[in-house]
Amino acid sequence: MQADGSIAAALGDYSVSLGPFSAAAMDRAGHLAAGLPLASFAGKSAVAREVDVLVHRLARHGLVEYRLYSPRDEQDLVVIEPQVPEYWPQCAKLGNADIVVLSRFAYLRRRGNEMVLESPRAGALFRIGDPAIAATLAALSRPQKISKLRREAAFFNLDLLGLLLDSQILLKLDAKSGDGLRLNEGDGNLVLWDFHDLLFHTRTTEGRHANPVGGTFAYAGAVAPLPAVRPPWPGKTIDLRKFSTSEPISPFAKLLRERHSIRDFDDEHPITLAELAQFLDATARVLSEWKSDANSGVPEVTYSTRPYPSAGSAYELELYLAVSNCEGLDRGLYHYDAGGHALVAIGASAQQLHALSTAAEFAMDASGPPQVLITIAARFGRISWKYSSIAYSLILKDVGTLIQTFYLAATDMGLGGCAIGTINIDLFAKMTELEFHVESPVGQFALGRGRKPLAAS
């Protein structure tokens with residue numbers, strides 16, 4: 001509670017102002033530490049409306065948890081931890097005749113001394129407080145009618161089932177849903193996803209979980225860092241240095257040695273549209289298209305050839321360019337049409353573009369945003385249609401080869417580049433209006449004209 005009548009929330013070194021509120025609203029807000037019933041600020045009074053605004057502002061920053069409490073047993077049945085800022089608990093309607101089943105992406109695991117129920121599709125995780133709930137969840141591995149659950153379940157709470165249904169941890173089946181197995185998750189694009197791949201995608205990017213991300217040095221106090229170079233194996237050694245030649249190294253070997261990450265860019269002399277066109281032509285343009293043999297025993301598939309290698313010639317990667325400073329090209333978000341070698345503008349907001357570039361600047365620990373930020377997205381179905389179990393790992397290998405291609409092309413052209421380790425897939429989904437499980441980021445690369453180091457005095 002600030003002296004000027006405003007409220008601020010602090011968590012560690014992070015602080016956010018929540019705005020001014022009346023004394024009565026501030027007094028009511030003081031009860032948030034112990035818990036405020038949602039119904040207590042659902043009314044139309046001025047204080048209720050103020051508290052409602054405050055709680056929603058806290059929720060947008062991920063600073064609110066929601067308890068499903070049992071007064072009779074004086075215990076939390078479930079504590080809901082939001083994983084996306086927009087999460088707000090909603091109880092989907094269920095009747096006795098409805099049939100529900102667990103999503104095949106839902107999983108229950110131990111976290112410390114707690115059990116948590118999660119799903120990569122859900123906007124929140126559920127911390128389980130009553131062991132009987134876990135037994136009911138196990139029964140929901142098969143479709144169950146609500147009326148039967150009322151009679152036979154080890155634990156039954158219709159509000160909890162409604163919350164799980166709203167979070168897509170539970171699914172409601174109808175006559176056309178069949179047995180509720182793989183093909184019936186309510187979205188045909190999910191058919192192509194294995195459980196482990198969707199989980200890995202959402203937990204190794206930002207936007208759909210609330211875990212720490214990046215260089216947190218979480219184990220610095222527990223384990224010593226490994227050495228930069230692995231100690232040699234014991235045994236006979238063959239020294240290769242005597243085979244080194246005194247001849248000048250090849251242009252390609254020189255290019256490899258000159259490649260390095262450049263994080264700071266010369267905004268007074270930005271990359272030009274002509275240079276960007278040349279860069280994309282050298283690295284990602286479609287060179288040819290062809291079809292598989294119809295007599296090969298597999299369905300006929302169309303393929304393309306591009307400058308970098310791709311698993312099974314799938315070429316599932318797409319490039320989206322957030323342009324901040326490029327001579328001859330307006331600021332904005334563009335998709336690179338690799339087949340037509342063209343840029344297509346996408347109507348993202350200035351606020352979204354700023355958030356995307358600022359996150360990249362922070363991830364690189366740079367002094368300013370990249371001139372061109374290339375987001376590498378994957379059309380997941382293009383590769384998972386063919387490959388099982390290894391689909392997502394193949395995508396990541398393709399990203400690695402493309403990023404090295406970017407590095408070498410940028411170095412060859414006298415430009416600067418830097419790979420970025422993470423991206424907010426939820427922000428990208430809002431900017432492009434693409435579902436995160438249909439087409440979503442798997443890598444980023446900052447591109448521009450590198451700032452020349454200051455001459456030594």
# chains A, B, ... in the order shown; residues from 1 in each chain; ligands from 1
$ select_by_dssp --residues "region 217-386 of chain A" --states "alpha helix (DSSP H)" --output "PDB file with C-alpha atoms, in the first residue's frame"
ATOM      1  CA  PRO A 251      37.487 -19.476 -48.044  1.00  0.00           C
ATOM      2  CA  PHE A 252      34.915 -21.744 -46.419  1.00  0.00           C
ATOM      3  CA  ALA A 253      37.166 -22.615 -43.472  1.00  0.00           C
ATOM      4  CA  LYS A 254      37.952 -18.901 -43.085  1.00  0.00           C
ATOM      5  CA  LEU A 255      34.228 -18.130 -43.066  1.00  0.00           C
ATOM      6  CA  LEU A 256      33.634 -20.694 -40.318  1.00  0.00           C
ATOM      7  CA  ARG A 257      36.362 -19.183 -38.158  1.00  0.00           C
ATOM      8  CA  GLU A 258      35.134 -15.633 -38.664  1.00  0.00           C
ATOM      9  CA  LEU A 273      16.031  -4.148 -48.218  1.00  0.00           C
ATOM     10  CA  ALA A 274      18.368  -5.250 -51.030  1.00  0.00           C
ATOM     11  CA  GLU A 275      20.697  -6.919 -48.499  1.00  0.00           C
ATOM     12  CA  LEU A 276      17.766  -8.583 -46.751  1.00  0.00           C
ATOM     13  CA  ALA A 277      16.524  -9.914 -50.109  1.00  0.00           C
ATOM     14  CA  GLN A 278      20.002 -11.267 -50.895  1.00  0.00           C
ATOM     15  CA  PHE A 279      20.253 -12.871 -47.443  1.00  0.00           C
ATOM     16  CA  LEU A 280      16.891 -14.656 -47.794  1.00  0.00           C
ATOM     17  CA  ASP A 281      17.724 -15.722 -51.354  1.00  0.00           C
ATOM     18  CA  ALA A 282      20.993 -17.294 -50.174  1.00  0.00           C
ATOM     19  CA  THR A 283      19.536 -19.090 -47.158  1.00  0.00           C
ATOM     20  CA  ALA A 350       2.870  -1.753 -32.560  1.00  0.00           C
ATOM     21  CA  GLN A 351       2.575  -2.918 -28.937  1.00  0.00           C
ATOM     22  CA  GLN A 352       3.012  -6.564 -29.931  1.00  0.00           C
ATOM     23  CA  LEU A 353       6.001  -5.750 -32.154  1.00  0.00           C
ATOM     24  CA  HIS A 354       7.592  -3.798 -29.314  1.00  0.00           C
ATOM     25  CA  ALA A 355       7.067  -6.714 -26.912  1.00  0.00           C
ATOM     26  CA  LEU A 356       8.623  -9.161 -29.393  1.00  0.00           C
ATOM     27  CA  SER A 357      11.733  -7.010 -30.086  1.00  0.00           C
ATOM     28  CA  THR A 358      12.181  -6.047 -26.419  1.00  0.00           C
ATOM     29  CA  ALA A 359      12.152  -9.723 -25.388  1.00  0.00           C
ATOM     30  CA  ALA A 360      14.821 -10.484 -28.030  1.00  0.00           C
ATOM     31  CA  GLU A 361      16.911  -7.528 -26.848  1.00  0.00           C
ATOM     32  CA  PHE A 362      16.683  -8.800 -23.261  1.00  0.00           C
ATOM     33  CA  ALA A 363      17.508 -12.398 -24.264  1.00  0.00           C
ATOM     34  CA  MET A 364      20.648 -11.238 -26.110  1.00  0.00           C
ATOM     35  CA  PHE A 380       4.245 -29.187 -37.240  1.00  0.00           C
ATOM     36  CA  GLY A 381       1.880 -31.293 -39.303  1.00  0.00           C
ATOM     37  CA  ARG A 382       4.217 -31.152 -42.293  1.00  0.00           C
ATOM     38  CA  ILE A 383       6.735 -33.381 -40.485  1.00  0.00           C
ATOM     39  CA  SER A 384       4.632 -35.260 -37.896  1.00  0.00           C
TER      40      SER A 384
END
$ residues_around --residues "Gly19 (chain A)" --least-positions-apart "6" --cutoff "12 Å" --atoms "only C-alpha atoms" --output "compact mmCIF listing (two decimals) with C-alpha atoms, in the first residue's frame"
# COMPACT_ATOMS: atom_id res chain seq x y z
CA MET A 1 0.00 0.00 0.00
CA GLN A 2 1.68 3.23 -1.16
CA ASP A 4 -0.12 8.19 -2.46
CA GLY A 5 -3.14 5.87 -2.37
CA SER A 6 -1.87 3.41 -4.99
CA ILE A 7 -1.05 -0.28 -4.69
CA ALA A 8 2.12 -1.98 -5.93
CA ALA A 9 2.90 -5.69 -6.13
CA ALA A 25 -10.78 -1.13 -1.50
CA MET A 26 -7.24 -1.14 -0.09
CA GLU A 50 -12.51 -1.65 -7.44
CA VAL A 51 -11.39 -4.98 -5.94
CA VAL A 53 -10.25 -4.40 -11.16
CA LEU A 54 -7.34 -4.93 -8.77
CA VAL A 55 -7.56 -8.72 -8.81
CA ARG A 57 -4.70 -6.59 -12.84
CA LEU A 58 -2.84 -8.93 -10.49
$ atom_distance --atom1 "CA of Glu81 (chain A)" --atom2 "CA of Ala377 (chain A)"
28.3 Å
$ residues_around --residues "Ala122 (chain A)" --least-positions-apart "2" --cutoff "6 Å" --atoms "only C-alpha atoms" --output "ChimeraX atom specification"
/A:119-120,124,167-168
$ select_by_dssp --residues "region 289-448 of chain A" --states "strand (DSSP E)" --output "PyMOL selection string"
chain A and resi 289-291+302-305+317-323+332-337+342-346+372-379+416-420+439-448
$ closest_residue --among "A:Val84, A:Ala97, A:Ala24, A:Val301" --to "Leu427 (chain A)" --atoms "only C-alpha atoms"
A:Val84
$ closest_atom_pairs --of "region 79-148 of chain A" --to "region 185-202 of chain A" --cutoff "9 Å" --atoms "only C-alpha atoms" --output "tab-separated table"
residue	atom	partner	partner_atom	distance
A:Ser103	CA	A:Glu185	CA	7.0
A:Arg104	CA	A:Phe195	CA	7.2
A:Phe105	CA	A:Phe195	CA	5.6
A:Ala106	CA	A:Phe195	CA	8.7
A:Ser119	CA	A:Leu199	CA	7.5
A:Pro120	CA	A:Leu199	CA	5.3
A:Arg121	CA	A:Leu198	CA	8.6
$ write_last_selection --atoms "all heavy atoms" --output "CSV table (one decimal), in the first residue's frame"
chain,number,residue,atom,x,y,z
A,103,SER,N,-8.2,-35.6,-21.1
A,103,SER,CA,-7.4,-35.4,-22.3
A,103,SER,C,-6.2,-36.3,-22.4
A,103,SER,O,-5.6,-36.6,-21.3
A,103,SER,CB,-7.0,-33.9,-22.4
A,103,SER,OG,-6.0,-33.7,-23.4
A,104,ARG,N,-5.8,-36.7,-23.5
A,104,ARG,CA,-4.6,-37.6,-23.6
A,104,ARG,C,-3.3,-36.8,-23.4
A,104,ARG,O,-2.2,-37.3,-23.3
A,104,ARG,CB,-4.5,-38.3,-24.9
A,104,ARG,CG,-4.3,-37.4,-26.2
A,104,ARG,CD,-4.3,-38.2,-27.4
A,104,ARG,NE,-4.2,-37.4,-28.6
A,104,ARG,CZ,-3.0,-37.1,-29.2
A,104,ARG,NH1,-1.9,-37.6,-28.6
A,104,ARG,NH2,-2.9,-36.4,-30.2
A,105,PHE,N,-3.5,-35.4,-23.3
A,105,PHE,CA,-2.3,-34.6,-23.0
A,105,PHE,C,-2.2,-34.3,-21.5
A,105,PHE,O,-1.3,-33.6,-21.1
A,105,PHE,CB,-2.4,-33.3,-23.8
A,105,PHE,CG,-2.3,-33.5,-25.3
A,105,PHE,CD1,-3.4,-33.4,-26.1
A,105,PHE,CD2,-1.1,-33.8,-25.9
A,105,PHE,CE1,-3.3,-33.6,-27.5
A,105,PHE,CE2,-1.0,-34.1,-27.2
A,105,PHE,CZ,-2.1,-33.9,-28.0
A,106,ALA,N,-3.2,-34.7,-20.7
A,106,ALA,CA,-3.2,-34.4,-19.2
A,106,ALA,C,-2.2,-35.4,-18.5
A,106,ALA,O,-2.1,-36.6,-18.9
A,106,ALA,CB,-4.6,-34.6,-18.7
A,119,SER,N,-1.5,-29.9,-18.2
A,119,SER,CA,-1.6,-30.3,-19.6
A,119,SER,C,-1.0,-29.1,-20.4
A,119,SER,O,-1.2,-27.9,-20.1
A,119,SER,CB,-3.1,-30.4,-20.0
A,119,SER,OG,-3.2,-30.4,-21.4
A,120,PRO,N,-0.3,-29.4,-21.5
A,120,PRO,CA,0.3,-28.3,-22.4
A,120,PRO,C,-0.8,-27.5,-23.0
A,120,PRO,O,-0.6,-26.4,-23.5
A,120,PRO,CB,1.1,-29.1,-23.4
A,120,PRO,CG,0.6,-30.5,-23.4
A,120,PRO,CD,0.2,-30.7,-22.0
A,121,ARG,N,-2.1,-28.0,-23.0
A,121,ARG,CA,-3.2,-27.2,-23.6
A,121,ARG,C,-3.8,-26.3,-22.6
A,121,ARG,O,-4.6,-25.4,-23.0
A,121,ARG,CB,-4.2,-28.2,-24.1
A,121,ARG,CG,-3.8,-29.1,-25.3
A,121,ARG,CD,-5.0,-29.9,-25.9
A,121,ARG,NE,-5.9,-28.9,-26.6
A,121,ARG,CZ,-7.1,-29.2,-26.9
A,121,ARG,NH1,-7.7,-30.4,-26.5
A,121,ARG,NH2,-7.8,-28.3,-27.5
$ atom_distance --atom1 "CA of His269 (chain A)" --atom2 "CA of Gln404 (chain A)"
24.6 Å
$ closest_atom_pairs --of "region 418-437 of chain A" --to "region 204-209 of chain A" --cutoff "9 Å" --atoms "only C-alpha atoms" --output "Markdown table"
| residue | atom | partner | partner_atom | distance |
| --- | --- | --- | --- | --- |
| A:Gly421 | CA | A:Thr205 | CA | 8.7 |
| A:Thr422 | CA | A:Thr205 | CA | 5.6 |
| A:Ile423 | CA | A:Glu206 | CA | 5.7 |
| A:Asn424 | CA | A:Glu206 | CA | 4.2 |
| A:Ile425 | CA | A:Gly207 | CA | 5.5 |
| A:Asp426 | CA | A:Gly207 | CA | 4.7 |
| A:Leu427 | CA | A:Gly207 | CA | 6.9 |
$ atom_distance --atom1 "CA of Thr375 (chain A)" --atom2 "CA of Ser440 (chain A)"
9.3 Å
